[in-house]
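Undergrad: Quick one: structure below, then a few questions.
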Amino acid sequence: MILPKDIEQIINGFDQLNYVLDKELATILFLLLKLEKPLLLEGNPGVGKTEIANVLAAMLDTELIRLQCYEGLDVSTAVYEWNYQKQLLSIKIQEASEKSDVEKEEHIFGEEFLLKRPLLKAITAPKAPVLLIDEIDRADEEFEAFLLELLSAFQISIPEMGTIKAVHRPYVILTSNRTRELSDALKRRCLYHWVNYPDLEKEIKIIEKHLPDIEPQLAMQLVNAVQKLRLQKLDKTPGIAETLDWARGLLALGYKELSVEAITQSLGCVLKSANDIEVVKAAVMSGEF
Amino acid sequence: MTQNPHHTDYSNIPEAILAFGQLARFNGLNVGVQETIDALEAAKLGVIGEKKAFRFALKSIFCASKEDIEVFDKIYDWFWGYKKGGLKSKTTYKNRSNLQKKSVASVVMMGKGESKDEGEESKNVSGANRIARLRKTDFSKIEEIDSEFLEELAIKLWQQMSLRLKRKMKFSTNKGRLDLRRTIRSSISHGGEPIELKRKKRAPRKQRLIVLLDVSGSMDKYSFFLLRFICALRTHFESIEAFIFSTHLIRITDYLHAKNLVLTLAVLSAKADNWSSGTKIGECFKDFNERFAKQVLNGQSTTIVLSDGLDTGKPEVLETELKKIKLRTRRLIWLNPLKGMKGYEPIQKGMSAALPNVDVFRSAHNLDSILQLEELLLSV
């Protein structure tokens, strides 16, 4: 794996993978790679937090290991679990063998019976992977405490096997939607970055990157409209994915510019709540929008 | 402090970074030794060559939240920018420490002050009778001499209540799933036959509680006690979000986490400059829906509104906003202190607009009425 030498290289690398990266985030990613500290990304839904990890893994040409957090996430789904069926079978098979109980026990707690879940996988990977811990705010506080231990020592202990140390430190990216405040201890171990919605210029660039065929005028109008929508108080503020969906939708419908008809016909691509659609439609019809 | 430190005061970059770390710490950012080392490390990596990159690097290392970023931007400009005059205003973080000093008993009582020497008088009433009487007394009619005693009693009872709630949740699931891991382990000694079945209890599901407390003028007498009630709940409910509102809405969850109740109340009363003024319930709920609802309401939460429903805004707004809250919450409980009054009917415009969306409508005018909430919270 070739680590980028400077910030410019990161920007270029991301650019080749169709991700428009600003200088600030590039600097932080550079530090993430050099200091080997986890990065905590916070921001509104739909600003491309998860995508950053995806692209980083692609750029480094390494594996992306993803752990999606949810309420009640526990060690057996996040770290490891024994393969019980296989263990039971193995015990049966060994019944007739001459082995002692101790040997039998040792056998069924060998590596072949271990099911590696994302965190253990990340630690034992032969090449430093990108570990994405998505929506950490949705996990319980107990899990956060466990994670704290993992992120400082990069080792996991399994009572039946002993301690497993990281071969290569994974590059860790955590994302949070801020449904609750994370503990100070966890935050202190991480670099921090707040991801904003892209500005007009950046968003147009993003559209053009993904949809090179789009008419510049349509892209301009479209992004303008989305930026305006974001300023409104909507139930669900459109993210970058929605902008892209909308652009694709308009292209599929064969529109060359954003007319009233085009908007009303394709609003479902960008707004995902009946209430929002109603409000915006009314505004468009009356010419306010 | 008249003059801020400036990077030109230091002869080399590492020293300046150290000084900047200190300045950041002084302004409330969580900057320890590790952060400073990281900053120096980052400087060594060459990000210092370019002004912007250096700023971004320090920002990601020194900040831990969106709010931190604001503070950081300010002090960064002071320290690394062109030399200008001193600070215009002290940061909010400094105010916090001022408050700490101010948090003497008089603030805590929030205007109830001038407590008389009560020792003599209270001897005349026998303990048990007094407790029974106080539990039934409307909060607004409590006399000065009783208020302190009631406060103690209230805290004790409410804490017992939330402890009971917690226990009930723990033991409610008694059997649980099979624990294959431990079953297999123990089966080895039986030649692989899983004779002893080991079971795993389901971890108690944490319930999320959202409290919206009205602190407007009409609620003045009650809001003080109700706030204490929220604090008591906080000690035993892991996941509670609290807001106060009158003309606008303030999130107070962070202040409830403080161990020191005295300090909490002092901070809150300082924060709520609108404490005890007119009420715009509908507008505040709208604000809540726009800013917080998506994050704090998860469909399984219970929402409690503590308000008398005397709204000076439009009832239609209240109705639509409450409907929105109702859609995102499992149960909506409205506690109205006025309901404890004889002959009270929820006929004011605000209250009657709200009622169709409310699941439970109760009073909360004295201690007993609040203690009766226990069974409600139990079935969450």
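Residues in the structure tokens are named by chain (A, B, ... in the order shown) and by number from 1 within that chain; ligands are numbered from 1 in the order shown.
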Which neighbours of Leu64 (chain A) fall inside 9 Å, counting only C-alpha atoms, when residues of the same chain fewer than 2 positions from it are skipped, and could you give them as a count of residues only?
TA: 12
Undergrad: Could you pull the residues within 10 Å of Leu373 (chain B), counting only C-alpha atoms, minus those fewer than 4 positions along the same chain, as a list of chain:residue names?
TA: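 Counting only the stated atoms, we get B:Met161, B:Ile333, B:Leu335, B:Arg362, B:Ser363, B:Ala364, B:Asp368, B:Ser369, B:Leu377, B:Leu378.
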Undergrad: Using only C-alpha atoms, I'd like a table of the residues in region 162-262 of chain A that come within 6 Å of region 28-46 of chain A; for each, show the closest atom pair and its distance in Å rounded to one decimal, ordered by chain and ascending number, as CSV.
TA:
residue,atom,partner,partner_atom,distance
A:Val172,CA,A:Pro38,CA,4.7
A:Ile173,CA,A:Leu39,CA,4.8
A:Leu174,CA,A:Leu40,CA,4.7
A:Thr175,CA,A:Leu41,CA,4.7
A:Ser176,CA,A:Glu42,CA,5.0
A:Asn177,CA,A:Gly43,CA,6.0
A:Cys190,CA,A:Pro38,CA,4.9
A:Leu191,CA,A:Leu39,CA,4.6
A:Tyr192,CA,A:Leu40,CA,4.9
A:His193,CA,A:Leu41,CA,5.1
A:Trp194,CA,A:Glu42,CA,4.9
A:Val195,CA,A:Gly43,CA,4.8
A:Gly239,CA,A:Gly46,CA,4.1
A:Ile240,CA,A:Gly46,CA,5.9
Undergrad: Give me, as a list in words, the residues of chain B touching chain A, with the criterion being at most 7 Å (counting only C-alpha atoms).
TA: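 Applying the cut-off to the listed atoms yields Ala42, Ala53, Phe56, Ala57, Ser60, Ile61, Cys63, Ala64, Lys66, Leu180, Gly191, Gly192, Glu290, Gln295 and Val296 of chain B.
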Undergrad: Would you mind exporting N, CA and C atoms of the selected residues as a tab-separated table (two decimals), in the first residue's frame?
TA:
chain	number	residue	atom	x	y	z
B	42	ALA	N	1.85	17.01	14.20
B	42	ALA	CA	1.27	17.47	12.93
B	42	ALA	C	2.13	18.56	12.31
B	53	ALA	N	-3.78	24.80	6.03
B	53	ALA	CA	-3.68	23.40	6.44
B	53	ALA	C	-3.35	23.32	7.92
B	56	PHE	N	-6.52	23.87	9.86
B	56	PHE	CA	-7.40	22.71	9.79
B	56	PHE	C	-6.90	21.59	10.70
B	57	ALA	N	-5.58	21.42	10.68
B	57	ALA	CA	-5.00	20.33	11.48
B	57	ALA	C	-5.24	20.58	12.95
B	60	SER	N	-8.91	20.01	13.96
B	60	SER	CA	-9.36	18.63	14.11
B	60	SER	C	-8.80	18.00	15.38
B	61	ILE	N	-7.66	18.49	15.82
B	61	ILE	CA	-7.07	17.90	17.02
B	61	ILE	C	-7.66	18.52	18.29
B	63	CYS	N	-10.63	20.26	18.68
B	63	CYS	CA	-12.08	20.36	18.83
B	63	CYS	C	-12.70	18.98	19.01
B	64	ALA	N	-13.82	18.97	19.72
B	64	ALA	CA	-14.53	17.70	19.89
B	64	ALA	C	-16.02	17.85	19.60
B	66	LYS	N	-19.20	20.60	17.47
B	66	LYS	CA	-19.46	21.74	16.61
B	66	LYS	C	-19.29	23.05	17.40
B	180	LEU	N	-25.97	-20.22	24.06
B	180	LEU	CA	-25.29	-21.37	23.47
B	180	LEU	C	-23.84	-21.45	23.91
B	191	GLY	N	-19.80	-35.15	27.96
B	191	GLY	CA	-19.55	-35.83	26.70
B	191	GLY	C	-20.27	-35.17	25.55
B	192	GLY	N	-20.48	-33.90	25.61
B	192	GLY	CA	-21.06	-33.19	24.48
B	192	GLY	C	-22.57	-33.12	24.51
B	290	GLU	N	-38.46	21.31	14.69
B	290	GLU	CA	-37.49	21.62	13.64
B	290	GLU	C	-36.07	21.28	14.06
B	295	GLN	N	-33.89	14.06	16.09
B	295	GLN	CA	-32.80	13.40	16.81
B	295	GLN	C	-33.26	12.71	18.07
B	296	VAL	N	-34.09	13.38	18.86
B	296	VAL	CA	-34.35	12.82	20.18
B	296	VAL	C	-35.57	11.91	20.22
Undergrad: Which residues are near Val20 (chain A)? Cut-off 8 Å, only C-alpha atoms, ignore same chain within fewer than 2 positions. Put them as a ChimeraX atom specification.
TA: /A:11,14-15,18,22,202,205-206
Undergrad: How far is it from CA of Asp308 (chain B) to CA of His365 (chain B), in Å with one decimal?
TA: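 Calculated distance between CA of Asp308 (chain B) and CA of His365 (chain B) is 10.3 Å.
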Undergrad: Leaving out region 26-36 of chain B and any residue of its chain fewer than 4 positions from it, which residues lie within 8 Å of it when counting only C-alpha atoms, given as a list in words?
TA: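 Surrounding residues, per the criterion: Arg188 of chain A; Ile17, Leu18, Gly21, Gln22, Leu40, Ile61, Phe62, Cys63, Ala64, Asp68, Val71, Phe72, Thr91, Tyr93 and Lys94 of chain B.
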Undergrad: Limited to N, CA and C atoms, could you put the picked residues into a file as an mmCIF file, in the first residue's frame?
TA:
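Output below, filename again07.cif:
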data_model
loop_
_atom_site.group_PDB
_atom_site.id
_atom_site.type_symbol
_atom_site.label_atom_id
_atom_site.label_comp_id
_atom_site.auth_asym_id
_atom_site.auth_seq_id
_atom_site.Cartn_x
_atom_site.Cartn_y
_atom_site.Cartn_z
ATOM 1 N N ARG A 188 -11.907 12.492 22.856
ATOM 2 C CA ARG A 188 -10.514 12.904 23.017
ATOM 3 C C ARG A 188 -9.546 12.003 22.275
ATOM 4 N N ILE B 17 3.049 26.826 19.749
ATOM 5 C CA ILE B 17 1.982 25.815 19.758
ATOM 6 C C ILE B 17 1.617 25.442 21.189
ATOM 7 N N LEU B 18 2.640 25.293 22.019
ATOM 8 C CA LEU B 18 2.385 24.998 23.432
ATOM 9 C C LEU B 18 1.520 26.083 24.057
ATOM 10 N N GLY B 21 -1.975 25.888 22.897
ATOM 11 C CA GLY B 21 -2.682 24.804 23.583
ATOM 12 C C GLY B 21 -3.187 25.260 24.933
ATOM 13 N N GLN B 22 -2.350 26.028 25.619
ATOM 14 C CA GLN B 22 -2.757 26.538 26.928
ATOM 15 C C GLN B 22 -3.920 27.510 26.803
ATOM 16 N N LEU B 40 2.029 19.110 17.842
ATOM 17 C CA LEU B 40 3.449 19.252 17.501
ATOM 18 C C LEU B 40 3.833 18.258 16.402
ATOM 19 N N ILE B 61 -7.664 18.490 15.824
ATOM 20 C CA ILE B 61 -7.070 17.902 17.022
ATOM 21 C C ILE B 61 -7.661 18.517 18.293
ATOM 22 N N PHE B 62 -7.898 19.800 18.284
ATOM 23 C CA PHE B 62 -8.330 20.483 19.507
ATOM 24 C C PHE B 62 -9.839 20.453 19.723
ATOM 25 N N CYS B 63 -10.630 20.263 18.680
ATOM 26 C CA CYS B 63 -12.078 20.358 18.832
ATOM 27 C C CYS B 63 -12.698 18.983 19.008
ATOM 28 N N ALA B 64 -13.824 18.968 19.718
ATOM 29 C CA ALA B 64 -14.535 17.702 19.887
ATOM 30 C C ALA B 64 -16.017 17.847 19.602
ATOM 31 N N ASP B 68 -17.301 23.566 19.916
ATOM 32 C CA ASP B 68 -15.876 23.819 20.118
ATOM 33 C C ASP B 68 -15.291 24.595 18.943
ATOM 34 N N VAL B 71 -15.470 28.341 19.242
ATOM 35 C CA VAL B 71 -14.485 28.884 20.181
ATOM 36 C C VAL B 71 -13.102 28.855 19.543
ATOM 37 N N PHE B 72 -12.819 27.734 18.898
ATOM 38 C CA PHE B 72 -11.502 27.562 18.293
ATOM 39 C C PHE B 72 -11.230 28.657 17.265
ATOM 40 N N THR B 91 -15.313 34.666 26.710
ATOM 41 C CA THR B 91 -16.104 33.593 26.114
ATOM 42 C C THR B 91 -17.133 33.063 27.097
ATOM 43 N N TYR B 93 -17.459 30.176 27.996
ATOM 44 C CA TYR B 93 -16.909 29.192 28.919
ATOM 45 C C TYR B 93 -16.470 29.814 30.225
ATOM 46 N N LYS B 94 -16.064 31.065 30.126
ATOM 47 C CA LYS B 94 -15.631 31.712 31.353
ATOM 48 C C LYS B 94 -16.823 32.014 32.248
#
Undergrad: Tell me which of A:Leu148, A:Ile277, A:Gly110, A:Glu261 sits closest to Gly162 (chain A), counting only C-alpha atoms.
TA: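 Closest candidate: A:Gly110.
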Undergrad: From the options B:Met219, B:Ile370, B:Ile13, B:Ile347, which residue's atoms come nearest to Gly49 (chain B), counting only C-alpha atoms?
TA: B:Ile13
Undergrad: Using only C-alpha atoms, which protein or nucleic acid residues come within 12 Å of Gly287 (chain A)? Drop anything in the same chain fewer than 4 positions from it, and give the result as a ChimeraX atom specification.
TA: /A:259-261,263,280-283
Undergrad: List the spatial neighbours of Val305 (chain B) as a list in words - criterion: any atom at most 6 Å away, only C-alpha atoms, same-chain residues fewer than 2 positions off excluded.
TA: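 Listed by chain and then number, they are Val211, Leu212 and Trp334 of chain B.
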Undergrad: Excluding same-chain residues fewer than 3 positions from Asn289 (chain B), what lies within 9 Å of it counting only C-alpha atoms, as a list of chain:residue names?
TA: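 After dropping sequence-adjacent residues, the list is A:Asp235, B:Cys284, B:Phe285, B:Lys286, B:Phe292, B:Ala293, B:Lys294, B:Glu321, B:Lys324, B:Ile325.
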Undergrad: How far is it from CA of Lys256 (chain A) to CA of Met220 (chain A), in Å with one decimal?
TA: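 If I compute the distance from CA of Lys256 (chain A) to CA of Met220 (chain A), I get 11.4 Å.
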